[in-house]
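Listing of run_25.txt; format and content: compact mmCIF, C-alpha atoms and all ligand atoms.
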```
# COMPACT_ATOMS: atom_id res chain seq x y z
CA MET A 1 -5.39 -187.66 -28.52
CA ALA A 2 -4.55 -187.78 -32.24
CA ILE A 3 -7.55 -190.04 -32.90
CA TYR A 4 -9.78 -187.73 -30.85
CA ASN A 5 -8.64 -184.71 -32.85
CA PHE A 6 -9.13 -186.55 -36.12
CA LEU A 7 -12.68 -187.59 -35.20
CA ARG A 8 -13.52 -184.09 -34.01
CA VAL A 9 -12.35 -182.53 -37.27
CA CYS A 10 -14.29 -185.11 -39.32
CA LEU A 11 -17.42 -184.55 -37.28
CA ASN A 12 -17.12 -180.81 -37.63
CA LYS A 13 -16.59 -181.09 -41.35
CA PHE A 14 -19.69 -183.24 -41.56
CA LEU A 15 -21.74 -180.84 -39.46
CA ASN A 16 -20.42 -177.77 -41.28
CA THR A 17 -19.35 -176.24 -38.05
CA THR A 18 -16.15 -174.67 -36.92
CA PRO A 19 -14.50 -176.67 -34.17
CA THR A 20 -12.99 -174.81 -31.29
CA LEU A 21 -10.83 -176.20 -28.56
CA GLY A 22 -13.76 -176.04 -26.20
CA GLY A 23 -16.50 -177.44 -28.39
CA PHE A 24 -18.45 -176.57 -31.51
CA VAL A 25 -19.32 -173.19 -32.84
CA VAL A 26 -21.59 -172.86 -35.83
CA ARG A 27 -19.53 -171.58 -38.69
CA ASN A 28 -20.27 -168.18 -40.05
CA PHE A 29 -20.85 -169.14 -43.68
CA ARG A 30 -19.57 -166.54 -46.03
CA VAL A 31 -16.93 -168.61 -47.68
CA HIS A 32 -15.76 -167.05 -50.90
CA TYR A 33 -12.97 -169.46 -51.79
CA PRO A 34 -11.85 -172.83 -50.52
CA ARG A 35 -11.12 -172.37 -46.86
CA THR A 36 -9.23 -174.64 -44.62
CA ILE A 37 -11.18 -176.42 -41.93
CA TYR A 38 -8.35 -175.70 -39.54
CA PHE A 39 -9.60 -172.19 -38.93
CA GLY A 40 -11.28 -172.22 -35.58
CA ILE A 41 -8.82 -174.68 -34.15
CA PHE A 42 -5.59 -172.72 -34.41
CA MET A 43 -4.46 -169.22 -34.95
CA GLU A 44 -2.88 -169.41 -38.39
CA VAL A 45 0.71 -168.16 -38.33
CA ILE A 46 2.61 -167.65 -41.56
CA ILE A 47 6.27 -166.69 -41.49
CA ARG A 48 7.75 -165.12 -44.59
CA PRO A 49 11.47 -164.64 -45.17
CA GLY A 50 11.26 -160.85 -45.55
CA SER A 51 8.98 -157.92 -44.75
CA GLU A 52 8.15 -157.27 -48.40
CA LEU A 53 7.01 -160.86 -48.92
CA ALA A 54 4.98 -160.71 -45.73
CA ALA A 55 3.25 -157.54 -46.94
CA HIS A 56 2.66 -159.06 -50.36
CA LEU A 57 0.97 -162.03 -48.81
CA ALA A 58 -1.39 -159.73 -46.89
CA ALA A 59 -2.17 -157.93 -50.16
CA GLU A 60 -2.71 -161.27 -51.88
CA ILE A 61 -5.28 -162.25 -49.26
CA ILE A 62 -7.09 -158.92 -49.72
CA GLY A 63 -6.98 -159.36 -53.50
CA ARG A 64 -8.43 -162.85 -53.30
CA GLU A 65 -11.27 -161.81 -51.03
CA LEU A 66 -12.04 -158.80 -53.21
CA ARG A 67 -12.09 -160.83 -56.42
CA ALA A 68 -14.38 -163.37 -54.80
CA ASN A 69 -16.68 -160.68 -53.43
CA PRO A 70 -16.51 -157.30 -55.20
CA ARG A 71 -18.74 -155.77 -52.48
CA LEU A 72 -16.29 -156.78 -49.79
CA VAL A 73 -16.41 -154.80 -46.55
CA LEU A 74 -12.74 -154.29 -45.86
CA GLY A 75 -11.29 -153.13 -42.56
CA LEU A 76 -8.08 -151.18 -43.02
CA ALA A 77 -5.16 -150.15 -40.84
CA THR A 78 -2.49 -147.47 -40.96
CA GLY A 79 1.17 -147.45 -39.91
CA CYS A 80 4.47 -147.97 -41.71
CA THR A 81 3.90 -151.74 -41.81
CA MET A 82 0.96 -151.15 -44.13
CA ASP A 83 2.87 -149.02 -46.67
CA ALA A 84 4.05 -152.06 -48.64
CA VAL A 85 0.61 -153.69 -48.51
CA TYR A 86 -1.03 -150.66 -50.08
CA ALA A 87 1.77 -150.24 -52.62
CA ARG A 88 1.20 -153.83 -53.70
CA LEU A 89 -2.58 -153.35 -53.89
CA ILE A 90 -2.06 -150.33 -56.15
CA GLN A 91 0.22 -152.45 -58.33
CA MET A 92 -2.42 -155.21 -58.44
CA HIS A 93 -5.01 -152.63 -59.44
CA ARG A 94 -2.82 -151.33 -62.26
CA GLU A 95 -1.39 -154.58 -63.54
CA GLU A 96 -4.01 -157.17 -62.68
CA LYS A 97 -7.11 -154.96 -62.81
CA LEU A 98 -7.98 -155.51 -59.17
CA ASP A 99 -11.30 -153.72 -58.93
CA PHE A 100 -12.19 -151.61 -55.89
CA SER A 101 -15.28 -149.96 -57.41
CA SER A 102 -17.85 -151.73 -55.24
CA CYS A 103 -15.69 -152.28 -52.17
CA ARG A 104 -16.57 -150.59 -48.85
CA THR A 105 -13.82 -149.78 -46.35
CA PHE A 106 -13.71 -148.97 -42.64
CA ASN A 107 -10.50 -147.87 -40.97
CA LEU A 108 -9.64 -148.89 -37.47
CA ASP A 109 -8.96 -145.48 -36.03
CA GLU A 110 -8.31 -141.77 -36.36
CA TYR A 111 -6.62 -139.16 -34.18
CA VAL A 112 -8.88 -136.79 -32.29
CA GLY A 113 -8.35 -133.19 -33.36
CA LEU A 114 -6.76 -133.82 -36.77
CA SER A 115 -8.75 -133.03 -39.90
CA GLY A 116 -8.52 -135.04 -43.10
CA ASP A 117 -6.23 -132.53 -44.76
CA ASN A 118 -3.65 -132.78 -41.97
CA PRO A 119 -0.80 -134.99 -43.33
CA ASN A 120 -0.65 -136.78 -39.97
CA SER A 121 -4.30 -137.76 -39.98
CA TYR A 122 -5.17 -141.31 -40.93
CA ARG A 123 -7.67 -140.02 -43.52
CA TYR A 124 -4.77 -138.28 -45.26
CA TYR A 125 -2.64 -141.43 -44.99
CA MET A 126 -5.35 -143.61 -46.54
CA ASP A 127 -6.15 -141.15 -49.33
CA HIS A 128 -2.52 -140.85 -50.32
CA HIS A 129 -1.37 -144.43 -49.78
CA LEU A 130 -4.34 -146.16 -51.37
CA PHE A 131 -7.67 -144.50 -52.14
CA LEU A 132 -6.47 -141.88 -54.64
CA HIS A 133 -4.55 -144.54 -56.59
CA VAL A 134 -7.29 -147.12 -57.10
CA ASN A 135 -10.84 -147.00 -58.49
CA ILE A 136 -12.55 -146.89 -55.12
CA ASP A 137 -15.60 -144.68 -54.65
CA MET A 138 -14.58 -142.20 -51.92
CA LYS A 139 -18.16 -142.32 -50.60
CA ASN A 140 -17.50 -145.93 -49.67
CA THR A 141 -14.41 -145.17 -47.59
CA HIS A 142 -15.01 -144.63 -43.89
CA LEU A 143 -12.80 -143.35 -41.10
CA PRO A 144 -14.00 -141.98 -37.78
CA ASP A 145 -14.17 -138.18 -37.78
CA GLY A 146 -11.66 -136.99 -35.23
CA MET A 147 -13.00 -133.44 -35.55
CA ALA A 148 -16.60 -134.33 -34.69
CA ALA A 149 -18.16 -131.95 -32.17
CA ASP A 150 -19.80 -134.87 -30.36
CA LEU A 151 -17.22 -137.68 -30.29
CA GLY A 152 -19.54 -140.10 -28.46
CA ALA A 153 -22.19 -139.72 -31.16
CA GLU A 154 -19.51 -140.11 -33.84
CA CYS A 155 -18.43 -143.44 -32.32
CA GLU A 156 -22.00 -144.73 -32.21
CA LYS A 157 -22.53 -143.61 -35.80
CA TYR A 158 -19.39 -145.48 -36.86
CA GLU A 159 -20.57 -148.72 -35.27
CA GLN A 160 -23.96 -148.22 -36.92
CA SER A 161 -22.42 -147.68 -40.37
CA ILE A 162 -20.44 -150.93 -40.01
CA LYS A 163 -23.65 -152.75 -39.11
CA GLU A 164 -25.55 -151.24 -42.02
CA CYS A 165 -22.89 -152.54 -44.41
CA GLY A 166 -23.41 -156.04 -43.00
CA GLY A 167 -20.29 -156.16 -40.82
CA ILE A 168 -16.63 -156.25 -41.77
CA ASP A 169 -15.61 -159.24 -43.90
CA LEU A 170 -11.85 -158.89 -43.62
CA GLN A 171 -9.96 -156.73 -41.14
CA ILE A 172 -6.28 -155.95 -41.67
CA LEU A 173 -4.35 -155.16 -38.49
CA GLY A 174 -0.93 -153.96 -37.48
CA ILE A 175 0.35 -154.11 -33.93
CA GLY A 176 1.75 -151.36 -31.73
CA GLN A 177 4.84 -151.89 -29.56
CA ASN A 178 2.58 -152.19 -26.52
CA GLY A 179 0.35 -154.75 -28.22
CA HIS A 180 -2.40 -152.40 -29.29
CA ILE A 181 -4.59 -153.19 -32.27
CA GLY A 182 -6.26 -150.11 -33.71
CA PHE A 183 -5.67 -147.77 -30.79
CA ASN A 184 -6.86 -150.21 -28.16
CA GLU A 185 -4.33 -149.37 -25.52
CA PRO A 186 -3.48 -151.73 -22.64
CA LEU A 187 -6.46 -152.54 -20.42
CA SER A 188 -9.00 -152.08 -23.23
CA ALA A 189 -11.86 -154.44 -22.51
CA PHE A 190 -12.15 -157.39 -24.88
CA ARG A 191 -15.79 -156.42 -25.44
CA SER A 192 -15.07 -152.73 -26.04
CA ARG A 193 -16.66 -150.97 -29.02
CA THR A 194 -15.73 -147.90 -31.02
CA ARG A 195 -14.88 -145.11 -28.59
CA LYS A 196 -12.55 -142.29 -27.70
CA GLN A 197 -9.31 -143.67 -26.26
CA ALA A 198 -6.48 -141.82 -24.49
CA LEU A 199 -3.11 -142.65 -26.04
CA SER A 200 -0.41 -144.04 -23.79
CA PRO A 201 3.01 -142.37 -23.57
CA VAL A 202 4.56 -145.39 -25.35
CA THR A 203 2.19 -145.00 -28.30
CA ARG A 204 2.64 -141.24 -28.49
CA GLU A 205 6.40 -141.72 -28.48
CA GLN A 206 6.24 -144.50 -31.08
CA ASN A 207 4.06 -142.46 -33.41
CA ALA A 208 5.97 -139.20 -32.83
CA THR A 209 8.49 -140.14 -35.52
CA LEU A 210 5.90 -139.19 -38.14
CA PHE A 211 5.21 -135.75 -36.66
CA THR A 212 7.53 -132.76 -37.08
CA ASP A 213 7.15 -131.90 -33.41
CA PRO A 214 6.57 -134.76 -30.90
CA ASP A 215 4.30 -132.46 -28.90
CA GLU A 216 1.90 -132.38 -31.85
CA VAL A 217 0.98 -136.06 -31.37
CA PRO A 218 -2.66 -136.02 -30.25
CA HIS A 219 -3.44 -137.27 -26.77
CA SER A 220 -6.44 -139.30 -27.87
CA ALA A 221 -8.00 -141.08 -30.81
CA ILE A 222 -11.22 -142.73 -31.89
CA THR A 223 -10.72 -146.45 -32.31
CA MET A 224 -12.82 -149.49 -33.11
CA GLY A 225 -13.02 -151.51 -29.92
CA VAL A 226 -11.46 -154.94 -29.38
CA GLY A 227 -15.02 -156.32 -29.49
CA THR A 228 -15.66 -154.54 -32.80
CA ILE A 229 -12.52 -156.16 -34.22
CA LEU A 230 -13.42 -159.61 -32.89
CA ASP A 231 -16.77 -159.30 -34.71
CA CYS A 232 -15.03 -159.08 -38.10
CA ARG A 233 -15.41 -162.30 -40.07
CA ARG A 234 -11.72 -162.69 -40.75
CA CYS A 235 -8.69 -160.93 -39.28
CA VAL A 236 -5.21 -160.68 -40.74
CA LEU A 237 -2.50 -159.26 -38.50
CA LEU A 238 0.74 -158.23 -40.17
CA ALA A 239 3.89 -157.55 -38.16
CA THR A 240 7.40 -157.08 -39.45
CA GLY A 241 10.78 -156.16 -37.99
CA GLU A 242 12.70 -157.12 -34.89
CA GLU A 243 11.17 -154.38 -32.77
CA LYS A 244 7.83 -156.22 -32.98
CA ALA A 245 9.26 -159.65 -32.08
CA ALA A 246 8.71 -159.52 -28.32
CA ILE A 247 5.15 -158.22 -28.43
CA VAL A 248 4.23 -160.64 -31.24
CA SER A 249 5.36 -163.59 -29.15
CA GLN A 250 3.36 -162.35 -26.16
CA ALA A 251 0.28 -161.77 -28.29
CA ILE A 252 0.40 -165.18 -30.00
CA GLU A 253 1.90 -167.46 -27.39
CA GLY A 254 1.28 -165.63 -24.17
CA PRO A 255 -1.85 -165.77 -22.07
CA MET A 256 -4.78 -163.66 -23.23
CA THR A 257 -4.77 -160.44 -21.30
CA SER A 258 -6.27 -157.00 -21.66
CA THR A 259 -2.81 -155.56 -21.08
CA ILE A 260 -1.97 -156.83 -24.60
CA SER A 261 -5.01 -156.14 -26.76
CA ALA A 262 -3.69 -158.20 -29.68
CA SER A 263 -3.80 -161.34 -27.50
CA ALA A 264 -7.61 -161.13 -27.81
CA LEU A 265 -7.17 -162.36 -31.39
CA GLN A 266 -6.59 -165.83 -29.90
CA LEU A 267 -10.36 -165.80 -29.40
CA HIS A 268 -11.04 -165.22 -33.09
CA SER A 269 -11.99 -168.23 -35.15
CA GLU A 270 -10.46 -166.99 -38.44
CA CYS A 271 -7.31 -165.13 -37.62
CA THR A 272 -4.15 -165.21 -39.73
CA VAL A 273 -0.91 -163.72 -38.43
CA ILE A 274 1.68 -162.91 -41.09
CA LEU A 275 5.22 -162.26 -39.88
CA ASP A 276 8.62 -161.79 -41.40
CA ARG A 277 11.53 -163.76 -39.91
CA GLN A 278 12.58 -160.90 -37.65
CA ALA A 279 9.15 -160.41 -36.14
CA SER A 280 8.92 -164.15 -35.57
CA SER A 281 12.36 -164.41 -33.94
CA LYS A 282 11.08 -164.45 -30.36
CA LEU A 283 8.39 -167.07 -30.84
CA LYS A 284 9.28 -169.74 -28.34
CA ASN A 285 7.71 -172.87 -29.68
CA HIS A 286 7.18 -174.49 -33.01
CA TYR A 287 6.78 -171.33 -35.02
CA HIS A 288 10.43 -170.66 -34.42
CA TRP A 289 11.36 -173.94 -36.02
CA MET A 290 9.50 -172.97 -39.15
CA ALA A 291 11.10 -169.53 -39.22
CA ASN A 292 14.54 -171.04 -39.30
CA GLY A 293 13.64 -173.78 -41.73
CA HIS A 294 14.72 -176.58 -39.40
CA LYS A 295 13.02 -179.82 -40.13
CA LYS A 296 12.43 -181.66 -36.94
CA PRO A 297 10.08 -184.60 -37.37
CA GLU A 298 9.11 -184.57 -33.72
CA VAL A 299 7.84 -181.04 -34.10
CA MET A 300 5.90 -182.04 -37.18
CA LEU A 301 4.13 -184.69 -35.18
CA ASP A 302 2.90 -182.03 -32.86
CA TRP A 303 1.85 -179.56 -35.52
CA GLN A 304 -1.84 -179.90 -34.83
CA ASN A 305 -1.36 -178.30 -31.49
CA SER A 306 0.72 -175.43 -32.61
CA LEU A 307 0.96 -174.41 -36.20
CA HIS A 308 -0.57 -174.49 -39.58
CA LEU A 309 0.51 -172.89 -42.79
CA ALA A 310 -1.71 -171.44 -45.47
CA ALA A 311 -0.49 -173.56 -48.33
CA ASN A 312 -3.55 -172.45 -50.29
CA ILE A 313 -1.84 -169.13 -50.85
CA PRO A 314 0.31 -169.74 -53.98
CA GLU A 315 3.24 -167.68 -52.69
CA CYS A 316 3.38 -169.93 -49.69
CA ARG A 317 4.10 -173.01 -51.74
CA SER A 318 7.63 -171.84 -52.38
CA ASN A 319 10.60 -173.30 -50.53
CA ASP A 320 10.57 -171.09 -47.48
CA CYS A 321 7.29 -172.30 -46.09
CA SER A 322 6.88 -175.65 -47.69
CA GLY A 323 8.53 -178.47 -45.78
CA PRO A 324 6.57 -181.64 -45.11
CA LEU A 325 3.59 -179.77 -43.69
CA GLY A 326 3.37 -177.22 -46.48
CA GLU A 327 3.67 -179.90 -49.15
CA ARG A 328 1.02 -181.94 -47.50
CA ARG A 329 -1.37 -179.01 -47.28
CA ALA A 330 -0.59 -177.98 -50.86
CA LYS A 331 -1.56 -181.45 -52.03
CA GLU A 332 -4.76 -181.37 -50.01
CA ILE A 333 -6.04 -178.31 -51.84
C1 LIG A 401 -0.69 -147.02 -34.99
C2 LIG A 401 -2.03 -147.55 -35.43
C3 LIG A 401 -2.10 -149.04 -35.34
C4 LIG A 401 -0.87 -149.67 -35.97
C5 LIG A 401 0.36 -149.17 -35.28
C6 LIG A 401 1.62 -149.82 -35.82
O1 LIG A 401 -0.59 -146.91 -33.62
N1 LIG A 401 -3.10 -147.01 -34.67
O2 LIG A 401 -3.27 -149.49 -35.98
O3 LIG A 401 -0.96 -151.06 -35.87
O4 LIG A 401 0.41 -147.78 -35.47
O5 LIG A 401 2.35 -148.92 -36.60
P1 LIG A 401 3.63 -149.33 -37.45
O6 LIG A 401 3.15 -150.21 -38.54
O7 LIG A 401 4.14 -148.01 -37.97
O8 LIG A 401 4.56 -150.01 -36.54
```

Rewritten as structure tokens:
Amino acid sequence: MAIYNFLRVCLNKFLNTTPTLGGFVVRNFRVHYPRTIYFGIFMEVIIRPGSELAAHLAAEIIGRELRANPRLVLGLATGCTMDAVYARLIQMHREEKLDFSSCRTFNLDEYVGLSGDNPNSYRYYMDHHLFLHVNIDMKNTHLPDGMAADLGAECEKYEQSIKECGGIDLQILGIGQNGHIGFNEPLSAFRSRTRKQALSPVTREQNATLFTDPDEVPHSAITMGVGTILDCRRCVLLATGEEKAAIVSQAIEGPMTSTISASALQLHSECTVILDRQASSKLKNHYHWMANGHKKPEVMLDWQNSLHLAANIPECRSNDCSGPLGERRAKEI
């Protein structure tokens, strides 16, 4: 089996294709910095010791992609998990001159019925958590219009705008307690596109904490579909905190199912999941070993089937995610 895997990887490297478990898929070539050939074989799972470090790593990935391609088409997410990512990006803009001037952004979703000046709208969130603090051209920032008179037409227009920009290069994702990505509630089809989506009671309750009156939480939203998300060239899902641990384990290790939209990311050939220790605490298999820093050689032997770390991210070369595998990867790059 090990020899078979080795030969398959070599052959794929030679053919410039991305290997999948089932066979070969021609790689979508838009590589802006040295990429690992392991993408396409495994979902990349990176466990950081704390939520801040996890968020910083997500920001670091965005920063790298943006420096490599100033006209990056960036997919953005909202939610408390993202606060630290955007704070770090603002810091990178101020201290390291990270330039957003040519970047285009598309957000995952927006509440139906909330205008951009409503503090609970996602447009308001994005303006105040990121856009107004960096040198982005507001014309290049896109969110669905939840106030549109014709919501169906608005959804089609949103898909069209993404296409006209050449597709999303990098999509940042959070995860809801019920496994939603964007607002793709349970039973969203894996091929779904941008559309109006009714919000489940769990989601309305979860998001009510940000509203003064829980009854004000809209009953529906416009969201990119699961299919729209799977079309993005690279996905990075960030989840932190113990309350996300159970759903994270189902999404990563469980079977793919439309009842957990995030599990569809197992189909993506370039998906990185960044977790803090707490969010990783319910992973059943080898990820758990890495989270606790146990070094079990027998697990290492099996790493090809379960885990790979992004040692090409400088932060990740530190003690917490080095170990034999990390060191080996770091040397490879
Ligand atoms: C909302 C958003 C999702 C986000 C989720 C998680 O429901 N539509 O895109 O992933 O919140 O929010 P938090 O980060 O606050 O847990």

Using Å and a single decimal, report how far CA of Ile46 in chain A sits from CA of Leu237 in chain A. 10.3 Å

What residues have any atom no more than 10 Å from ligand LIG 401 (chain A) when counting all atoms listed in the file, and can you list them as JSON, numbers by chain? {"A": [76, 77, 78, 79, 80, 81, 82, 83, 107, 108, 109, 110, 111, 122, 172, 173, 174, 175, 176, 177, 178, 179, 180, 181, 182, 183, 184, 185, 199, 202, 203, 204, 206, 207, 209, 210, 221, 222, 223, 224, 237, 238, 239, 240, 241, 243, 244, 262]}

Let's have the selection written as a PDB file, keeping the file's coordinate frame, with C-alpha atoms.
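Contents of selection-v6.pdb, freshly written:
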```pdb
ATOM      1  CA  LEU A  76      -8.080-151.180 -43.020  1.00  0.00           C
ATOM      2  CA  ALA A  77      -5.160-150.150 -40.840  1.00  0.00           C
ATOM      3  CA  THR A  78      -2.490-147.470 -40.960  1.00  0.00           C
ATOM      4  CA  GLY A  79       1.170-147.450 -39.910  1.00  0.00           C
ATOM      5  CA  CYS A  80       4.470-147.970 -41.710  1.00  0.00           C
ATOM      6  CA  THR A  81       3.900-151.740 -41.810  1.00  0.00           C
ATOM      7  CA  MET A  82       0.960-151.150 -44.130  1.00  0.00           C
ATOM      8  CA  ASP A  83       2.870-149.020 -46.670  1.00  0.00           C
ATOM      9  CA  ASN A 107     -10.500-147.870 -40.970  1.00  0.00           C
ATOM     10  CA  LEU A 108      -9.640-148.890 -37.470  1.00  0.00           C
ATOM     11  CA  ASP A 109      -8.960-145.480 -36.030  1.00  0.00           C
ATOM     12  CA  GLU A 110      -8.310-141.770 -36.360  1.00  0.00           C
ATOM     13  CA  TYR A 111      -6.620-139.160 -34.180  1.00  0.00           C
ATOM     14  CA  TYR A 122      -5.170-141.310 -40.930  1.00  0.00           C
ATOM     15  CA  ILE A 172      -6.280-155.950 -41.670  1.00  0.00           C
ATOM     16  CA  LEU A 173      -4.350-155.160 -38.490  1.00  0.00           C
ATOM     17  CA  GLY A 174      -0.930-153.960 -37.480  1.00  0.00           C
ATOM     18  CA  ILE A 175       0.350-154.110 -33.930  1.00  0.00           C
ATOM     19  CA  GLY A 176       1.750-151.360 -31.730  1.00  0.00           C
ATOM     20  CA  GLN A 177       4.840-151.890 -29.560  1.00  0.00           C
ATOM     21  CA  ASN A 178       2.580-152.190 -26.520  1.00  0.00           C
ATOM     22  CA  GLY A 179       0.350-154.750 -28.220  1.00  0.00           C
ATOM     23  CA  HIS A 180      -2.400-152.400 -29.290  1.00  0.00           C
ATOM     24  CA  ILE A 181      -4.590-153.190 -32.270  1.00  0.00           C
ATOM     25  CA  GLY A 182      -6.260-150.110 -33.710  1.00  0.00           C
ATOM     26  CA  PHE A 183      -5.670-147.770 -30.790  1.00  0.00           C
ATOM     27  CA  ASN A 184      -6.860-150.210 -28.160  1.00  0.00           C
ATOM     28  CA  GLU A 185      -4.330-149.370 -25.520  1.00  0.00           C
ATOM     29  CA  LEU A 199      -3.110-142.650 -26.040  1.00  0.00           C
ATOM     30  CA  VAL A 202       4.560-145.390 -25.350  1.00  0.00           C
ATOM     31  CA  THR A 203       2.190-145.000 -28.300  1.00  0.00           C
ATOM     32  CA  ARG A 204       2.640-141.240 -28.490  1.00  0.00           C
ATOM     33  CA  GLN A 206       6.240-144.500 -31.080  1.00  0.00           C
ATOM     34  CA  ASN A 207       4.060-142.460 -33.410  1.00  0.00           C
ATOM     35  CA  THR A 209       8.490-140.140 -35.520  1.00  0.00           C
ATOM     36  CA  LEU A 210       5.900-139.190 -38.140  1.00  0.00           C
ATOM     37  CA  ALA A 221      -8.000-141.080 -30.810  1.00  0.00           C
ATOM     38  CA  ILE A 222     -11.220-142.730 -31.890  1.00  0.00           C
ATOM     39  CA  THR A 223     -10.720-146.450 -32.310  1.00  0.00           C
ATOM     40  CA  MET A 224     -12.820-149.490 -33.110  1.00  0.00           C
ATOM     41  CA  LEU A 237      -2.500-159.260 -38.500  1.00  0.00           C
ATOM     42  CA  LEU A 238       0.740-158.230 -40.170  1.00  0.00           C
ATOM     43  CA  ALA A 239       3.890-157.550 -38.160  1.00  0.00           C
ATOM     44  CA  THR A 240       7.400-157.080 -39.450  1.00  0.00           C
ATOM     45  CA  GLY A 241      10.780-156.160 -37.990  1.00  0.00           C
ATOM     46  CA  GLU A 243      11.170-154.380 -32.770  1.00  0.00           C
ATOM     47  CA  LYS A 244       7.830-156.220 -32.980  1.00  0.00           C
ATOM     48  CA  ALA A 262      -3.690-158.200 -29.680  1.00  0.00           C
TER      49      ALA A 262
END
```

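Each of A:Pro218, A:Pro49, A:Gly227, A:Gly75 was checked against Ile168 in chain A using only C-alpha atoms; the smallest atom-to-atom distance is that of A:Gly75.
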
Given all atoms listed in the file as the counted atoms, nearest of A:Glu270, A:Glu205, A:Glu154, A:Asp169 to Val73 in chain A: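 Among A:Glu270, A:Glu205, A:Glu154, A:Asp169, it is A:Asp169 that comes nearest to Val73 in chain A.
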
Which value, in Å to one decimal, gives the distance between CA of Ile229 in chain A and CA of Met126 in chain A? 19.0 Å

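Interatomic distance, CA of Ala59 in chain A against CA of Ser261 in chain A: 23.6 Å.
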
Would you please work out which residue, of A:Asn135, A:Thr259, A:Thr272, A:Gln250, is nearest to Lys284 in chain A when using only C-alpha atoms? A:Gln250

Given all atoms listed in the file as the counted atoms, nearest of A:Ala148, A:Val112, A:Met256, A:Cys235 to Val273 in chain A: A:Cys235

Given all atoms listed in the file as the counted atoms, nearest of A:Val217, A:Ala55, A:Ile252, A:Val226 to Arg191 in chain A: A:Val226

Residues within 7 Å of Arg277 in chain A, all atoms listed in the file, excluding chain neighbours under 6 positions, as a ChimeraX atom specification: /A:47-50,291

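Closest approach to Ala153 in chain A among A:Lys196, A:Val236, A:His219, A:Arg123: A:Lys196, based on all atoms listed in the file.
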
For a cutoff of 7 Å around the file-coordinate point (-12.5, -145.7, -45.4), which residues qualify once you count only C-alpha atoms? I'd like the result as a ChimeraX atom specification. /A:105-107,140-143

Would you mind listing what lies within 10 Å of Thr257 in chain A as a compact mmCIF listing (two decimals) with C-alpha atoms, in the frame of the given file, with all atoms listed in the file counted and same-chain residues fewer than 2 positions away left out?
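out-v5.txt written:
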```txt
# COMPACT_ATOMS: atom_id res chain seq x y z
CA PRO A 186 -3.48 -151.73 -22.64
CA LEU A 187 -6.46 -152.54 -20.42
CA SER A 188 -9.00 -152.08 -23.23
CA ALA A 189 -11.86 -154.44 -22.51
CA PHE A 190 -12.15 -157.39 -24.88
CA GLN A 250 3.36 -162.35 -26.16
CA ALA A 251 0.28 -161.77 -28.29
CA GLY A 254 1.28 -165.63 -24.17
CA PRO A 255 -1.85 -165.77 -22.07
CA THR A 259 -2.81 -155.56 -21.08
CA ILE A 260 -1.97 -156.83 -24.60
CA SER A 261 -5.01 -156.14 -26.76
CA ALA A 262 -3.69 -158.20 -29.68
CA SER A 263 -3.80 -161.34 -27.50
CA ALA A 264 -7.61 -161.13 -27.81
```

Give me range 192-203 of chain A with N, CA and C atoms filled in, as a PDB file, keeping the file's coordinate frame.
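Written file, result_30.pdb:
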```
ATOM      1  N   SER A 192     -14.919-154.163 -25.768  1.00  0.00           N
ATOM      2  CA  SER A 192     -15.070-152.730 -26.040  1.00  0.00           C
ATOM      3  C   SER A 192     -15.492-152.484 -27.487  1.00  0.00           C
ATOM      4  N   ARG A 193     -16.201-151.363 -27.684  1.00  0.00           N
ATOM      5  CA  ARG A 193     -16.660-150.970 -29.020  1.00  0.00           C
ATOM      6  C   ARG A 193     -15.977-149.657 -29.401  1.00  0.00           C
ATOM      7  N   THR A 194     -16.341-149.147 -30.553  1.00  0.00           N
ATOM      8  CA  THR A 194     -15.730-147.900 -31.020  1.00  0.00           C
ATOM      9  C   THR A 194     -15.917-146.791 -29.986  1.00  0.00           C
ATOM     10  N   ARG A 195     -14.823-146.119 -29.664  1.00  0.00           N
ATOM     11  CA  ARG A 195     -14.880-145.110 -28.590  1.00  0.00           C
ATOM     12  C   ARG A 195     -13.664-144.199 -28.657  1.00  0.00           C
ATOM     13  N   LYS A 196     -13.719-143.161 -27.828  1.00  0.00           N
ATOM     14  CA  LYS A 196     -12.550-142.290 -27.700  1.00  0.00           C
ATOM     15  C   LYS A 196     -11.587-142.966 -26.737  1.00  0.00           C
ATOM     16  N   GLN A 197     -10.305-142.964 -27.077  1.00  0.00           N
ATOM     17  CA  GLN A 197      -9.310-143.670 -26.260  1.00  0.00           C
ATOM     18  C   GLN A 197      -8.109-142.746 -26.023  1.00  0.00           C
ATOM     19  N   ALA A 198      -7.697-142.598 -24.781  1.00  0.00           N
ATOM     20  CA  ALA A 198      -6.480-141.820 -24.490  1.00  0.00           C
ATOM     21  C   ALA A 198      -5.270-142.621 -24.966  1.00  0.00           C
ATOM     22  N   LEU A 199      -4.297-141.945 -25.544  1.00  0.00           N
ATOM     23  CA  LEU A 199      -3.110-142.650 -26.040  1.00  0.00           C
ATOM     24  C   LEU A 199      -2.033-142.706 -24.956  1.00  0.00           C
ATOM     25  N   SER A 200      -1.422-143.864 -24.831  1.00  0.00           N
ATOM     26  CA  SER A 200      -0.410-144.040 -23.790  1.00  0.00           C
ATOM     27  C   SER A 200       0.885-143.327 -24.199  1.00  0.00           C
ATOM     28  N   PRO A 201       1.735-143.008 -23.232  1.00  0.00           N
ATOM     29  CA  PRO A 201       3.010-142.370 -23.570  1.00  0.00           C
ATOM     30  C   PRO A 201       3.829-143.199 -24.566  1.00  0.00           C
ATOM     31  N   VAL A 202       3.805-144.513 -24.417  1.00  0.00           N
ATOM     32  CA  VAL A 202       4.560-145.390 -25.350  1.00  0.00           C
ATOM     33  C   VAL A 202       4.075-145.197 -26.780  1.00  0.00           C
ATOM     34  N   THR A 203       2.769-145.168 -26.956  1.00  0.00           N
ATOM     35  CA  THR A 203       2.190-145.000 -28.300  1.00  0.00           C
ATOM     36  C   THR A 203       2.504-143.631 -28.855  1.00  0.00           C
TER      37      THR A 203
END
```
